[in-house]
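Peer 1: Below is the file entry.cif, with mmCIF, C-alpha atoms.
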```
data_data
#
loop_
_atom_site.label_atom_id
_atom_site.label_comp_id
_atom_site.auth_asym_id
_atom_site.auth_seq_id
_atom_site.Cartn_x
_atom_site.Cartn_y
_atom_site.Cartn_z
CA MET I 1 120.47 125.55 92.71
CA SER I 2 118.42 128.21 90.96
CA ILE I 3 114.85 129.12 91.83
CA SER I 4 112.48 130.94 89.51
CA SER I 5 111.15 133.99 91.24
CA SER I 6 107.75 133.48 89.69
CA GLY I 7 107.63 129.74 90.26
CA THR I 8 106.18 129.15 86.82
CA ASN I 9 107.58 129.46 83.32
CA SER I 10 109.80 132.45 83.75
CA THR I 11 113.49 131.85 83.59
CA SER I 12 114.57 135.45 83.42
CA ALA I 13 114.43 136.16 87.12
CA VAL I 14 116.12 133.46 89.14
CA ILE I 15 117.90 133.30 92.46
CA ARG I 16 121.22 131.46 92.29
CA ASP I 17 123.92 130.54 94.75
CA ASP I 18 127.38 131.98 94.33
CA PHE I 19 130.01 129.60 92.96
CA LEU I 20 131.56 128.49 96.28
CA THR I 21 128.18 127.92 97.91
CA ALA I 22 126.99 125.95 94.87
CA VAL I 23 130.08 123.72 94.98
CA LEU I 24 129.72 123.11 98.72
CA LYS I 25 126.04 122.22 98.47
CA ASN I 26 126.68 119.88 95.54
CA VAL I 27 129.52 118.13 97.34
CA ILE I 28 127.38 117.57 100.45
CA THR I 29 124.17 116.55 98.68
CA VAL I 30 125.61 114.47 95.87
CA GLY I 31 128.20 112.93 98.19
CA LEU I 32 125.57 111.77 100.69
CA CYS I 33 123.28 110.47 97.96
CA ILE I 34 126.02 108.51 96.21
CA SER I 35 127.25 107.08 99.53
CA ILE I 36 123.79 105.78 100.45
CA ILE I 37 123.23 104.48 96.91
CA CYS I 38 126.54 102.57 97.06
CA VAL I 39 125.65 100.99 100.42
CA ASN I 40 122.18 100.06 99.18
CA SER I 41 123.65 98.67 95.95
CA VAL I 42 125.88 96.36 98.03
CA LEU I 43 122.79 95.12 99.88
CA VAL I 44 121.00 94.48 96.57
CA HIS I 45 124.09 92.60 95.32
CA VAL I 46 124.13 90.41 98.44
CA PHE I 47 120.41 89.76 98.04
CA VAL I 48 120.81 88.68 94.40
CA LYS I 49 123.91 86.62 95.12
CA HIS I 50 122.35 84.50 97.87
CA GLU I 51 119.30 82.49 96.85
CA THR I 52 118.20 82.21 100.49
CA PHE I 53 117.13 85.85 100.53
CA SER I 54 115.11 85.56 97.32
CA LEU I 55 113.04 82.79 98.95
CA ASN I 56 112.22 84.86 102.05
CA PRO I 57 109.23 87.24 101.70
CA ARG I 58 110.59 89.47 104.48
CA TYR I 59 113.87 90.10 102.65
CA ILE I 60 112.08 90.53 99.32
CA LEU I 61 109.99 93.32 100.83
CA TYR I 62 113.04 94.88 102.43
CA ILE I 63 115.04 94.88 99.20
CA HIS I 64 112.05 96.50 97.47
CA LEU I 65 112.31 99.26 100.08
CA VAL I 66 116.03 99.60 99.33
CA ILE I 67 115.50 99.74 95.56
CA ASN I 68 112.90 102.47 96.06
CA ASP I 69 115.44 104.50 98.04
CA ILE I 70 118.03 104.02 95.29
CA MET I 71 115.57 105.34 92.72
CA VAL I 72 114.61 108.36 94.84
CA LEU I 73 118.21 109.31 95.59
CA SER I 74 119.31 108.74 91.98
CA MET I 75 116.64 111.13 90.70
CA LEU I 76 117.44 113.63 93.44
CA THR I 77 121.13 113.55 92.47
CA LEU I 78 120.27 114.00 88.80
CA LEU I 79 117.88 116.88 89.44
CA TYR I 80 120.26 118.57 91.85
CA ILE I 81 123.15 118.50 89.38
CA LEU I 82 120.92 119.67 86.53
CA SER I 83 119.59 122.54 88.63
CA TYR I 84 123.13 123.91 88.91
CA THR I 85 124.15 123.25 85.31
CA VAL I 86 121.21 123.74 82.96
CA PHE I 87 119.02 125.38 85.67
CA THR I 88 115.73 124.44 83.97
CA LEU I 89 114.30 121.31 82.36
CA ASN I 90 111.82 120.61 79.60
CA VAL I 91 108.32 120.28 81.06
CA SER I 92 107.76 116.80 79.60
CA LEU I 93 111.00 115.44 81.04
CA CYS I 94 110.30 117.06 84.39
CA MET I 95 106.85 115.45 84.49
CA VAL I 96 108.38 111.99 84.05
CA LEU I 97 110.93 112.57 86.82
CA VAL I 98 108.33 114.03 89.20
CA VAL I 99 105.92 111.11 88.66
CA LEU I 100 108.71 108.57 89.30
CA ALA I 101 109.79 110.41 92.43
CA VAL I 102 106.25 110.62 93.81
CA CYS I 103 105.56 106.95 93.01
CA THR I 104 108.65 105.76 94.86
CA ASN I 105 107.80 107.97 97.84
CA ILE I 106 104.29 106.51 97.97
CA ASN I 107 105.69 102.98 97.68
CA ASN I 108 107.77 103.22 100.84
CA PRO I 109 105.02 103.57 103.48
CA MET I 110 102.92 100.92 101.74
CA THR I 111 105.89 98.54 101.78
CA LEU I 112 106.41 99.23 105.50
CA ALA I 113 102.75 98.38 106.13
CA VAL I 114 103.07 95.08 104.25
CA MET I 115 106.25 94.25 106.17
CA ALA I 116 104.37 94.86 109.42
CA VAL I 117 101.57 92.53 108.30
CA GLU I 118 104.14 89.85 107.44
CA CYS I 119 105.59 90.09 110.95
CA TYR I 120 102.08 89.95 112.40
CA VAL I 121 101.27 86.74 110.52
CA ALA I 122 104.62 85.18 111.47
CA VAL I 123 104.05 85.82 115.19
CA CYS I 124 100.30 85.50 115.63
CA PHE I 125 99.66 82.76 113.05
CA PRO I 126 102.98 80.88 112.76
CA LEU I 127 101.39 77.69 111.43
CA HIS I 128 99.81 79.61 108.53
CA HIS I 129 102.79 81.85 107.75
CA SER I 130 104.32 79.63 105.07
CA ARG I 131 100.94 79.37 103.31
CA VAL I 132 99.93 83.02 103.59
CA CYS I 133 103.32 84.68 103.01
CA THR I 134 104.68 83.02 99.89
CA VAL I 135 107.21 84.37 97.42
CA LYS I 136 104.61 84.53 94.66
CA LYS I 137 102.13 86.44 96.82
CA THR I 138 104.91 88.80 97.92
CA TYR I 139 105.71 89.76 94.33
CA MET I 140 101.98 90.16 93.65
CA VAL I 141 101.74 92.56 96.60
CA ILE I 142 104.74 94.53 95.32
CA GLY I 143 103.02 94.75 91.92
CA PHE I 144 99.87 96.00 93.64
CA ILE I 145 101.91 98.64 95.50
CA TRP I 146 103.33 99.95 92.23
CA LEU I 147 99.92 99.84 90.56
CA THR I 148 98.42 101.88 93.41
CA SER I 149 101.15 104.51 93.28
CA VAL I 150 100.94 104.81 89.48
CA LEU I 151 97.14 105.10 89.51
CA THR I 152 97.44 107.78 92.19
CA ASN I 153 99.58 109.89 89.86
CA LEU I 154 97.91 109.24 86.50
CA PRO I 155 95.11 111.79 87.12
CA ASP I 156 97.76 114.50 87.48
CA VAL I 157 99.15 113.64 84.05
CA PHE I 158 95.74 113.37 82.38
CA VAL I 159 94.45 116.64 83.86
CA THR I 160 97.63 118.45 82.81
CA LEU I 161 97.42 117.06 79.28
CA ALA I 162 93.78 118.14 79.05
CA THR I 163 94.12 121.63 80.52
CA GLU I 164 97.52 122.92 79.44
CA PRO I 165 98.22 124.27 75.92
CA LEU I 166 100.53 122.23 73.72
CA GLU I 167 103.31 124.84 73.82
CA PHE I 168 103.51 124.47 77.62
CA PHE I 169 105.09 121.01 77.23
CA HIS I 170 107.93 122.48 75.18
CA LYS I 171 108.84 125.15 77.73
CA GLN I 172 111.72 125.11 80.20
CA VAL I 173 110.87 125.31 83.91
CA PHE I 174 112.58 124.80 87.23
CA CYS I 175 111.63 121.20 87.93
CA LEU I 176 109.13 121.10 90.79
CA ARG I 177 105.80 119.33 91.03
CA SER I 178 104.01 122.68 91.28
CA THR I 179 105.58 123.97 88.06
CA VAL I 180 104.43 121.08 85.86
CA PHE I 181 101.15 120.09 87.55
CA ARG I 182 99.68 123.57 87.89
CA HIS I 183 95.93 122.91 88.13
CA PRO I 184 94.73 123.95 91.64
CA ALA I 185 92.64 120.79 92.05
CA LEU I 186 95.74 118.59 91.72
CA ALA I 187 97.29 119.97 94.90
CA GLU I 188 94.10 119.20 96.82
CA LYS I 189 93.93 115.73 95.27
CA MET I 190 97.50 115.06 96.36
CA ASP I 191 96.79 116.14 99.95
CA VAL I 192 93.70 113.93 100.14
CA SER I 193 95.52 110.94 98.60
CA TYR I 194 98.44 111.26 101.04
CA ALA I 195 96.08 111.63 104.00
CA LEU I 196 94.13 108.48 103.08
CA LEU I 197 97.29 106.51 102.39
CA LEU I 198 98.98 107.48 105.64
CA ALA I 199 95.80 106.83 107.64
CA VAL I 200 95.62 103.27 106.29
CA VAL I 201 99.32 102.67 106.88
CA CYS I 202 99.24 104.11 110.41
CA LEU I 203 96.20 102.04 111.36
CA THR I 204 97.90 98.93 109.98
CA LEU I 205 101.04 99.54 112.02
CA VAL I 206 99.10 100.32 115.20
CA TYR I 207 96.92 97.22 114.84
CA THR I 208 99.80 94.84 114.08
CA TYR I 209 101.93 96.27 116.88
CA CYS I 210 99.12 95.90 119.45
CA LYS I 211 98.43 92.31 118.39
CA ILE I 212 102.11 91.41 118.50
CA LEU I 213 102.46 93.18 121.86
CA VAL I 214 99.72 90.96 123.31
CA THR I 215 101.26 87.84 121.78
CA ALA I 216 104.72 88.74 123.08
CA GLN I 217 103.45 88.56 126.66
CA THR I 218 102.93 84.82 126.46
CA LYS I 219 105.02 83.46 123.59
CA THR I 220 108.63 83.12 122.49
CA SER I 221 111.39 85.64 122.03
CA ASP I 222 110.51 85.73 118.31
CA ALA I 223 107.38 87.66 119.24
CA LYS I 224 109.42 90.18 121.21
CA LYS I 225 111.81 90.55 118.29
CA ALA I 226 108.84 91.11 115.96
CA ARG I 227 107.51 93.75 118.37
CA SER I 228 110.81 95.61 118.06
CA THR I 229 110.62 95.26 114.28
CA ILE I 230 107.15 96.84 114.19
CA LEU I 231 108.46 99.71 116.32
CA LEU I 232 111.23 100.15 113.77
CA HIS I 233 108.67 100.24 110.95
CA SER I 234 106.74 102.88 112.90
CA PHE I 235 109.91 104.97 113.24
CA GLN I 236 110.57 104.62 109.51
CA LEU I 237 106.98 105.65 108.82
CA MET I 238 107.49 108.80 110.90
CA LEU I 239 110.45 109.62 108.66
CA ALA I 240 108.30 108.93 105.60
CA LEU I 241 105.70 111.33 106.98
CA LEU I 242 108.33 114.07 106.89
CA THR I 243 108.68 113.52 103.15
CA TYR I 244 104.98 114.25 102.69
CA LEU I 245 105.39 117.44 104.71
CA ASN I 246 108.22 118.53 102.43
CA ASN I 247 106.24 121.12 100.42
CA VAL I 248 104.44 122.42 103.51
CA LEU I 249 107.72 122.94 105.36
CA ILE I 250 109.36 124.64 102.40
CA ALA I 251 106.40 126.99 101.95
CA SER I 252 106.19 127.82 105.67
CA LEU I 253 109.93 128.36 106.14
CA THR I 254 110.14 130.41 102.94
CA GLN I 255 107.46 132.75 104.30
CA LEU I 256 109.42 133.09 107.54
CA PHE I 257 112.78 133.52 105.78
CA PRO I 258 111.96 134.95 102.32
CA SER I 259 115.58 135.95 101.68
CA SER I 260 116.87 132.42 102.40
CA VAL I 261 114.79 130.33 100.00
CA LEU I 262 117.83 128.44 98.69
CA THR I 263 119.07 127.64 102.20
CA VAL I 264 115.59 126.47 103.17
CA ARG I 265 115.34 124.11 100.20
CA PHE I 266 118.84 122.75 100.79
CA SER I 267 118.17 122.12 104.50
CA VAL I 268 114.85 120.38 103.82
CA ILE I 269 116.43 118.14 101.18
CA ILE I 270 119.20 117.06 103.57
CA LEU I 271 117.04 116.56 106.68
CA ILE I 272 113.87 115.13 105.12
CA THR I 273 114.83 113.45 101.86
CA ILE I 274 118.38 112.19 102.38
CA MET I 275 119.01 111.56 106.08
CA PRO I 276 115.96 109.30 106.69
CA ARG I 277 117.24 106.98 103.98
CA LEU I 278 120.27 106.21 106.12
CA VAL I 279 118.00 104.27 108.47
CA SER I 280 117.26 101.18 106.38
CA PRO I 281 120.84 100.21 105.46
CA LEU I 282 122.09 100.95 108.99
CA VAL I 283 119.39 98.85 110.66
CA TYR I 284 118.96 95.96 108.24
CA GLY I 285 122.31 96.00 106.45
CA SER I 286 124.28 94.16 109.11
CA GLU I 287 121.63 91.46 109.32
CA ILE I 288 121.71 90.85 105.57
CA LYS I 289 125.49 90.83 105.40
CA LEU I 290 125.77 88.45 108.36
CA SER I 291 123.16 86.16 106.90
CA GLY I 292 124.88 86.29 103.54
CA ASN I 293 128.17 85.18 105.07
CA THR I 294 126.66 82.09 106.64
#
```
In structure tokens, what does this structure look like?

Peer 2:
Amino acid sequence: MSISSSGTNSTSAVIRDDFLTAVLKNVITVGLCISIICVNSVLVHVFVKHETFSLNPRYILYIHLVINDIMVLSMLTLLYILSYTVFTLNVSLCMVLVVLAVCTNINNPMTLAVMAVECYVAVCFPLHHSRVCTVKKTYMVIGFIWLTSVLTNLPDVFVTLATEPLEFFHKQVFCLRSTVFRHPALAEKMDVSYALLLAVVCLTLVYTYCKILVTAQTKTSDAKKARSTILLHSFQLMLALLTYLNNVLIASLTQLFPSSVLTVRFSVIILITIMPRLVSPLVYGSEIKLSGNT
């Protein structure tokens, strides 16, 4: 990976790994990404192959989570390879990739919140579950999730189009959000948007878990299973939170270790972007495969 020393449009002064280090990092990063993508692709195949899953709102939401992870890891793999081959990307192309990456990252915690609500309805209002949680409503909620994430990112695009000169969009930059969305207000807008989103999601998970916890004291084992599921969603949300702290961690660690900026970025990518996405297929994968075999 190469990093522009100025962090903007300059490509003359970059920090690059030596050949062996570059090969090792690519093997580790791309290998992990492709492995997780392959596992998730198998889960998507099983979901499509068995009609039972496509009629279950819970599995529809889960597979949406999986597809989001596939998109994030695919773009990460593409950007990582390009950063070692062409080093910089056209600003317009980078903007498209950054917006897609941010949208899919925003989608994940919202999907977890909806999955928690579905469990809450199933346990606390079992007689109304089939009426409230229908396949049609599930796809409508997924559409709303995507609409929310897109609308959250559109201001970044519009402000950049309005404030940057035309020649900026033809330049080559190292593809980071900060290099294409450079207006200072956009960073503040992003922080506020993430804070509001995560507050809503956290409150949703806390509320649904508490209600299910109360219900589990007096009802069936299904309630206790749902309680464990909500705890799992909370754990996944904690991992999603790390993604939102990605830029903060990189900036802080880079200040502490200014001579190790490439190592810092590589470590953060592995620990925060890639490893958390092992959770979903490991936890839910066996259940889907077992159900698909029955």

Peer 1: Could I get the residues of segment 45-151 of chain I with an atom no further than 9 Å from an atom of segment 15-35 of chain I, each paired with its nearest atom pair and that distance in Å to one decimal, using all atoms listed in the file, sorted by chain and residue number, as JSON lines?

Peer 2:
```
{"residue": "I:Ile70", "atom": "CA", "partner": "I:Cys33", "partner_atom": "CA", "distance": 8.7}
{"residue": "I:Leu73", "atom": "CA", "partner": "I:Cys33", "partner_atom": "CA", "distance": 5.7}
{"residue": "I:Ser74", "atom": "CA", "partner": "I:Cys33", "partner_atom": "CA", "distance": 7.4}
{"residue": "I:Leu76", "atom": "CA", "partner": "I:Cys33", "partner_atom": "CA", "distance": 8.0}
{"residue": "I:Thr77", "atom": "CA", "partner": "I:Val30", "partner_atom": "CA", "distance": 5.7}
{"residue": "I:Leu78", "atom": "CA", "partner": "I:Val30", "partner_atom": "CA", "distance": 8.9}
{"residue": "I:Tyr80", "atom": "CA", "partner": "I:Asn26", "partner_atom": "CA", "distance": 7.5}
{"residue": "I:Ile81", "atom": "CA", "partner": "I:Asn26", "partner_atom": "CA", "distance": 7.2}
{"residue": "I:Tyr84", "atom": "CA", "partner": "I:Ala22", "partner_atom": "CA", "distance": 7.4}
```

Peer 1: Name the residues that the PyMOL selection byres ((chain I and resi 141) around 12) pulls out of this structure, and write them as a short mmCIF file (atom, residue, chain, number, x, y, z; two decimals) with C-alpha atoms, in the coordinates of the input.

Peer 2:
```
data_model
loop_
_atom_site.label_atom_id
_atom_site.label_comp_id
_atom_site.auth_asym_id
_atom_site.auth_seq_id
_atom_site.Cartn_x
_atom_site.Cartn_y
_atom_site.Cartn_z
CA PRO I 57 109.23 87.24 101.70
CA ILE I 60 112.08 90.53 99.32
CA LEU I 61 109.99 93.32 100.83
CA HIS I 64 112.05 96.50 97.47
CA ASN I 107 105.69 102.98 97.68
CA MET I 110 102.92 100.92 101.74
CA THR I 111 105.89 98.54 101.78
CA ALA I 113 102.75 98.38 106.13
CA VAL I 114 103.07 95.08 104.25
CA MET I 115 106.25 94.25 106.17
CA VAL I 117 101.57 92.53 108.30
CA GLU I 118 104.14 89.85 107.44
CA VAL I 132 99.93 83.02 103.59
CA CYS I 133 103.32 84.68 103.01
CA THR I 134 104.68 83.02 99.89
CA VAL I 135 107.21 84.37 97.42
CA LYS I 136 104.61 84.53 94.66
CA LYS I 137 102.13 86.44 96.82
CA THR I 138 104.91 88.80 97.92
CA TYR I 139 105.71 89.76 94.33
CA MET I 140 101.98 90.16 93.65
CA ILE I 142 104.74 94.53 95.32
CA GLY I 143 103.02 94.75 91.92
CA PHE I 144 99.87 96.00 93.64
CA ILE I 145 101.91 98.64 95.50
CA TRP I 146 103.33 99.95 92.23
CA LEU I 147 99.92 99.84 90.56
CA THR I 148 98.42 101.88 93.41
#
```

Peer 1: Rounded to one decimal in Å, what is the spacing between atom CA of Glu51 of chain I and atom CA of Ser130 of chain I?

Peer 2: 17.3 Å

Peer 1: Which one of I:Thr179, I:Thr88, I:Thr263, I:Ser41 sits closest to Thr160 of chain I if you count all atoms listed in the file?

Peer 2: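 Nearest candidate to Thr160 of chain I out of I:Thr179, I:Thr88, I:Thr263, I:Ser41: I:Thr179.
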
Peer 1: When you look at Leu100 of chain I with a cut-off of 10 Å (counting only C-alpha atoms), what residues show up, excluding the ones that are within fewer than 2 positions of it in the same chain? I need them as a list in words.

Peer 2: Met71, Val72, Met75, Cys94, Met95, Val96, Leu97, Val98, Val102, Cys103, Thr104, Asn105, Ile106, Ser149, Val150 and Asn153 of chain I

Peer 1: Could you tell me which of I:Val42, I:Ile212, I:Leu154, I:Leu253 comes closest to Ser267 of chain I if we count all atoms listed in the file?

Peer 2: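 Checking each of I:Val42, I:Ile212, I:Leu154, I:Leu253 against Ser267 of chain I, counting all atoms listed in the file, the winner is I:Leu253.
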
Peer 1: Apply the PyMOL selection byres ((chain I and resi 156) around 9) to the structure shown and report the selected residues as a ChimeraX atom specification.

Peer 2: /I:99,152-155,157-161,181,183,186,189-190

Peer 1: What's the separation between atom CA of Val86 of chain I and atom CA of Gln172 of chain I, in Å to one decimal place?

Peer 2: 10.0 Å

Peer 1: Could you tell me how far atom CA of Val39 of chain I lies from atom CA of Arg277 of chain I, in Å and to one decimal?

Peer 2: 10.9 Å

Peer 1: Go through I:Thr85, I:Arg58, I:Thr254, I:Leu205 and flag the residue nearest Ala122 of chain I, using all atoms listed in the file for the distances.

Peer 2: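 Among the listed residues, I:Arg58 lies closest to Ala122 of chain I.
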
Peer 1: For Val48 of chain I, work out the shell of residues within 12 Å, counting all atoms listed in the file and skipping chain neighbours fewer than 5 positions away, then give it as a ChimeraX atom specification.

Peer 2: /I:41-43,53-55,59-60,63,288,292

Peer 1: Give the answer as one residue: which of I:Ile274, I:Ile67, I:Leu93, I:Val264 has the shortest atom-to-atom distance to Val173 of chain I, using all atoms listed in the file?

Peer 2: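 Result for the nearest residue to Val173 of chain I: I:Leu93.
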